[in-house]
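The structure appears below as structure tokens.
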Protein chains: 2
Amino acid sequence: MKRKSKEVIEKFTPLFKPRSVAFLGASKDRRKWGFITLKNMVSGNYPGKIYPVNPKEEEILGLKVYKGVGDIPETPDLAVIVVPPPNVVPVVKDCVARGIKAGIIITAGFAELGDQGGKLQEEMVAAAREGGMILVGPNCNGIMHPWEKLHIQFPPFLPTAGNIALVAQSGNVVDVLARQIMLRGFGCSILASTGNEADLHCEDYIEYLGEDPNTKVILSYVEGFKDGDRFFRVVREVSRKKPVVMLKAGKTSAGARAAMSHTASIAGSDAVFDAICRQTGVIRTEDLNEMLDIGVAFLRQPLPRGRGVGIVTAGGGWGVLAADACAEQGFDLVALPEETIAELDSFLPAWWNRGNPVDLVAGAFGEAIFKCVELILRCSDVDAAVVTSIMPALGSDWLTANEEPGESERLDKYMIQAVVDVMNRFNGLADRYQKPVIAASELMFGDAGREARIVQAMGQNKASCYHMPRQAAAVLAALARYSEYLQSRG
Amino acid sequence: MKRKSKEVIEKFTPLFKPRSVAFLGASKDRRKWGFITLKNMVSGNYPGKIYPVNPKEEEILGLKVYKGVGDIPETPDLAVIVVPPPNVVPVVKDCVARGIKAGIIITAGFAELGDQGGKLQEEMVAAAREGGMILVGPNCNGIMHPWEKLHIQFPPFLPTAGNIALVAQSGNVVDVLARQIMLRGFGCSILASTGNEADLHCEDYIEYLGEDPNTKVILSYVEGFKDGDRFFRVVREVSRKKPVVMLKAGKTSAGARAAMSHTASIAGSDAVFDAICRQTGVIRTEDLNEMLDIGVAFLRQPLPRGRGVGIVTAGGGWGVLAADACAEQGFDLVALPEETIAELDSFLPAWWNRGNPVDLVAGAFGEAIFKCVELILRCSDVDAAVVTSIMPALGSDWLTANEEPGESERLDKYMIQAVVDVMNRFNGLADRYQKPVIAASELMFGDAGREARIVQAMGQNKASCYHMPRQAAAVLAALARYSEYLQSRG
């Protein structure tokens, strides 16, 4: 391993893989972060030792409480700090004295409040750095490492272990994205709410995630950069190894002002950020939902080698929408070669449209859709396939299956398996031809509950079916941009 | 009532409020439209008489089957036609001879296949018009009028009666939108899949919907216009009375080609359509999900009188995203007057940010959010409020409520009611100040199932909470554009 990689990993180990955690500001008040965050750590079954600290308590959540960091029988790797703002600096000094190497400052009330808070923040960082202690925050929600069963967070849910990393200058953004990832059936490698980024900056986390073997894609929300040059260098390096998808807030002057009062971030010029993205291979997005759409695609899809697209659609309207969306994203709808048309002719009804999008004629259930996708992938000019509506691939049973009472449960199981099978077949074709196959489809098989169960089951099989053709095209564009970037760097 | 209105209503009554329906091409084959569509009519409890027609059958789904239209004991108001393409013209002629005044041609294989199909289509229309019979389609999925319990459609679900009308040149688009409206807890007035629009054009339906008292907002998907001038005149008239939201597909040349082979539509210039929208007050959208977001807002929200916005946020990141999104949509973030700041000071913690967005400091649960929204609505420069994250309004119970076994069900009920109450209070404030209050929030109260139940319950109370700030800003922009259009027409 390179010396630099080793350094980065060593620096972050006490933070992300602590053997023991001190919790300063632990509370019995169920409304307080000092209770809620501690409770989440306990619920997450963190296997290391937890040392709650509070001079006034004896026991919280069954854990022995210590009067101060000095009283803890060993040196914890990590300190979580939720004490009131004026106590933060002394507490950080205590931690440094005790030899603690990483801290998470959840407490708010620093640079985001102006000059006075800014000074306090500088003092805190100076104290930590003097002792070789790295700091997350302040003004953050905490970090999670599901592979380590480490959940230092606010909302009451535990992301599962997986391959998506989240780094965000907003705790709520982390929470919402994490939950959406769970609902989609995927898991997270590491999640970091980075707050004011007084010590550790966004690029520091990204640098570590570049080394983390569980992380396959990095999603990041930023409001501003403390050190643009270092960000540039780090991200350029990491994006060679894995995709980095970013949403930069504070685009407008109204947003920039809000970013200043949120995390004391200087948003900077949007045009400059755009240029940085182009040069570093960062995939920029304007929408958090789109960020997730893109993130899950990177986990599974091969990268397209060019901009030629073939569309297979069940439902003409979806075909038109998909054609528009792909063209707007800069893709070419490939004119199908004669031999492909001839092969399609051999099994599609005589009145099929003989063009791209290939419009499956109403009633063409079952195998036809897979045959079409495969024939399209075989065309040398086609670099990617988009499938709109997977419904016909599922046969026609569901259309009349709501007749018998008690059918619902059987159908539930049947439909989940059927959709997973269909998506696995598309993904199998993507692997075989090394071209992405992106599906967008309504899932009209029942109520929202069944739909949610289907979506989750797909994700557990590393498959994603988007809702609208526009989403599929946006995802494909992100894959293409990343592919083009890698090609340009050789 | 104006003579013209009366004419329009009379013309469409046999189609949308038929007392009896002939079903030509009824089938026992569960995979065929002739069975599935008939079954949906029966499941929908249509109260009129249904007369299936098929020379080879005696009984289908418990209904007596007739050999031909001539054998039916009365003249049906409406004929649904699913016979094979070559039989359509003779069957239409039979219907005309029988005195039937409206027909729905579900059968495909006409102008969308080229010249030969186009001729057949012309023949069919000529025959119908000679007999004063109006035609939906061909190449369509049918129509629904939930208030009349009339469901002539393909997928196995029945939209509830409500106030959103759908008109689309794609059956699948109607189906997906209808189902999404149901999942959101709203209902539909009339749904029409218009197919090739050989006889009745998109603007004909819109003209009728303008007269329909149940329709409060019209959502429409179009691929092309047969008569641009008439469309212009009709929509300009209707949009004075109720909002018309439209997605025009075939924007790009790839999309335009796809539209031609889907519904034989000539997409036309996109710039021309843009100009038409501006002059007729049509709210244009590029995204079907956004169309729904906008549609449900028109059902409940007052129109803003200007472009001044106040944001109340719980979670700084959401505030930044909302500020960006509102600014990008052309809204001004109002500088809060001193007296408003002073009033906010009186109950917010000392370290609140004293600006717009008003960032509720972490832990400010309960009443604070309502007070903030009301104070903002009272500012004369504020024309609309955006609220990002409603979670703090719900207290903190949910954060630690997953402890006791058996809590889930109680919490489910409690959370649904709590969210509905919060949204009702926001809507109450919107009514009182006659300014829209648009909420965007994660609903982090449990799994996807609970979330779906909450969303549905909100809709049943005419409330919508969007997921992301960008959605809220896009909705607000649509309300503002419509308001500005109405003001410009005086």
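Residue numbering restarts at 1 for every chain of the structure tokens, chains are lettered A, B, ... in their displayed order, and ligands are numbered from 1 as they appear.
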Going by DSSP on the backbone, which residues of segment 281-405 of chain A come out as strand (DSSP E)? List them as a short mmCIF file (atom, residue, chain, number, x, y, z; two decimals) with N, CA and C atoms, in the first residue's frame.
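What ended up in out-v6.cif:
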```cif
data_model
loop_
_atom_site.label_atom_id
_atom_site.label_comp_id
_atom_site.auth_asym_id
_atom_site.auth_seq_id
_atom_site.Cartn_x
_atom_site.Cartn_y
_atom_site.Cartn_z
N ILE A 283 -19.45 14.16 -10.95
CA ILE A 283 -20.75 14.18 -11.61
C ILE A 283 -21.62 15.14 -10.83
N ARG A 284 -21.96 16.25 -11.46
CA ARG A 284 -22.78 17.23 -10.75
C ARG A 284 -24.26 16.95 -10.95
N GLY A 308 -24.69 6.28 -28.31
CA GLY A 308 -25.76 5.66 -29.07
C GLY A 308 -26.74 4.92 -28.17
N VAL A 309 -28.01 5.20 -28.34
CA VAL A 309 -29.03 4.59 -27.46
C VAL A 309 -30.08 3.88 -28.27
N GLY A 310 -30.52 2.73 -27.76
CA GLY A 310 -31.69 2.04 -28.28
C GLY A 310 -32.75 1.99 -27.21
N ILE A 311 -34.00 2.26 -27.59
CA ILE A 311 -35.10 2.27 -26.62
C ILE A 311 -36.07 1.16 -26.95
N VAL A 312 -36.45 0.40 -25.95
CA VAL A 312 -37.53 -0.57 -26.10
C VAL A 312 -38.66 -0.11 -25.19
N THR A 313 -39.82 0.08 -25.76
CA THR A 313 -40.91 0.63 -24.96
C THR A 313 -42.18 -0.20 -25.06
N ALA A 314 -42.86 -0.32 -23.95
CA ALA A 314 -44.20 -0.89 -23.96
C ALA A 314 -45.11 0.25 -23.60
N ASP A 332 -27.80 9.89 -29.04
CA ASP A 332 -28.32 9.68 -30.39
C ASP A 332 -29.20 8.45 -30.39
N LEU A 333 -30.39 8.58 -30.93
CA LEU A 333 -31.22 7.40 -31.13
C LEU A 333 -30.73 6.71 -32.40
N VAL A 358 -38.25 0.92 -30.27
CA VAL A 358 -39.01 -0.26 -30.64
C VAL A 358 -40.23 -0.31 -29.73
N ASP A 359 -41.39 -0.13 -30.33
CA ASP A 359 -42.62 -0.06 -29.54
C ASP A 359 -43.26 -1.45 -29.52
N LEU A 360 -43.20 -2.10 -28.38
CA LEU A 360 -43.86 -3.40 -28.26
C LEU A 360 -45.34 -3.20 -28.45
N ALA A 384 -26.04 1.74 -25.20
CA ALA A 384 -26.86 1.57 -24.01
C ALA A 384 -28.31 1.33 -24.43
N ALA A 385 -29.02 0.57 -23.60
CA ALA A 385 -30.45 0.36 -23.86
C ALA A 385 -31.27 1.00 -22.75
N VAL A 386 -32.40 1.59 -23.14
CA VAL A 386 -33.37 2.10 -22.18
C VAL A 386 -34.66 1.32 -22.40
N VAL A 387 -35.21 0.78 -21.33
CA VAL A 387 -36.46 0.03 -21.41
C VAL A 387 -37.52 0.81 -20.66
N THR A 388 -38.60 1.17 -21.35
CA THR A 388 -39.66 1.87 -20.62
C THR A 388 -40.89 0.97 -20.52
#
```
Counting only C-alpha atoms, collect the residues of chain A whose closest atom lies at most 6 Å from chain B, and write them out as a compact mmCIF listing (two decimals) with C-alpha atoms, in the first residue's frame.
```txt
# COMPACT_ATOMS: atom_id res chain seq x y z
CA PRO A 156 -34.46 6.48 14.78
CA SER A 170 -26.31 18.95 6.35
CA THR A 252 -28.04 31.59 -6.22
CA ALA A 254 -30.30 33.82 -1.94
CA GLY A 255 -29.00 30.29 -1.46
CA ALA A 258 -28.63 30.88 3.51
CA ALA A 259 -25.51 28.68 3.32
CA HIS A 262 -26.34 27.49 8.03
CA GLY A 316 -46.00 4.54 -27.14
CA GLY A 317 -46.24 7.57 -24.89
CA VAL A 320 -41.91 9.45 -27.02
CA ALA A 323 -36.79 9.66 -26.96
CA ASP A 324 -37.18 13.31 -25.91
CA LEU A 399 -54.33 -7.76 -14.98
CA GLY A 449 -47.32 -1.06 0.08
```
Separation of atom CA of Phe225 of chain B and atom CA of Leu78 of chain B, in Å?
25.4 Å
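In this structure, atom CA of Ala165 of chain B sits 4.8 Å away from atom CA of Ile218 of chain B.
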Where in segment 75-225 of chain B does DSSP assign helix (DSSP H, G or I), given as a PyMOL selection string?
chain B and resi 85-98+111-113+115-130+146-148+171-183+202-211
Please provide as a list in words all residues within 9 Å of Arg236 of chain A, with the sequence filter that same-chain residues fewer than 5 positions apart are discarded (counting only C-alpha atoms).
Phe231, Gln279, Thr280, Gly281 and Val282 of chain A
Suppose you want the space between atom CA of Ile376 of chain A and atom CA of Gly306 of chain A; what is it in Å?
14.6 Å
Could you list, as a PyMOL selection string, every residue within 9 Å of segment 202-209 of chain B, counting only C-alpha atoms and ignoring same-chain residues fewer than 2 positions away?
chain B and resi 5+8-9+11-12+165+167-169+189-190+192+194+197+200+211-218+220+222+225-227+230-232+234-235+237-238+244
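Proximity ranking of A:His151, A:Lys49, A:His201, A:Arg233 relative to Val21 of chain A places A:Lys49 first, based on only C-alpha atoms.
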Counting only C-alpha atoms, what is within 12 Å of Arg432 of chain A, bar same-chain residues fewer than 6 positions away, as a list in words?
Gln301, Pro302, Glu374, Leu377, Arg378, Arg425 and Phe426 of chain A
Just to be explicit: take each residue in the selection above, keep C-alpha atoms, and write the result as a JSON list (two decimals), in the first residue's frame.
```
[["chain", "number", "residue", "atom", "x", "y", "z"],
["A", 301, "GLN", "CA", -24.30, -0.81, -14.52],
["A", 302, "PRO", "CA", -21.39, -1.10, -16.98],
["A", 374, "GLU", "CA", -30.84, -8.26, -26.64],
["A", 377, "LEU", "CA", -27.61, -4.43, -27.49],
["A", 378, "ARG", "CA", -26.08, -6.48, -30.29],
["A", 425, "ARG", "CA", -32.37, -10.73, -16.71],
["A", 426, "PHE", "CA", -31.87, -7.14, -17.84]]
```
Near segment 23-26 of chain B, counting only C-alpha atoms, which residues have an atom at most 8 Å away, once you skip same-chain residues fewer than 6 positions from it, shown as a ChimeraX atom specification?
/B:34-35,38,50-54,60,69,79-83
Can you tell me which residues surround Met423 of chain B at a distance of at most 9 Å, considering only C-alpha atoms, apart from same-chain residues fewer than 6 positions away, and format the answer as JSON, numbers by chain?
{"B": [390, 439, 458, 461, 463, 464, 465]}
Kindly save the residues from that selection, with C-alpha atoms included, as an mmCIF file, in the first residue's frame.
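Listed below is the output, result_29.cif:
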```cif
data_model
loop_
_atom_site.group_PDB
_atom_site.id
_atom_site.type_symbol
_atom_site.label_atom_id
_atom_site.label_comp_id
_atom_site.auth_asym_id
_atom_site.auth_seq_id
_atom_site.Cartn_x
_atom_site.Cartn_y
_atom_site.Cartn_z
ATOM 1 C CA ILE B 390 -42.756 19.598 8.979
ATOM 2 C CA ALA B 439 -44.695 22.323 2.409
ATOM 3 C CA MET B 458 -53.113 13.949 3.534
ATOM 4 C CA ASN B 461 -57.811 16.055 3.353
ATOM 5 C CA ALA B 463 -53.331 18.459 1.546
ATOM 6 C CA SER B 464 -50.030 17.763 -0.176
ATOM 7 C CA CYS B 465 -46.609 17.678 1.303
#
```
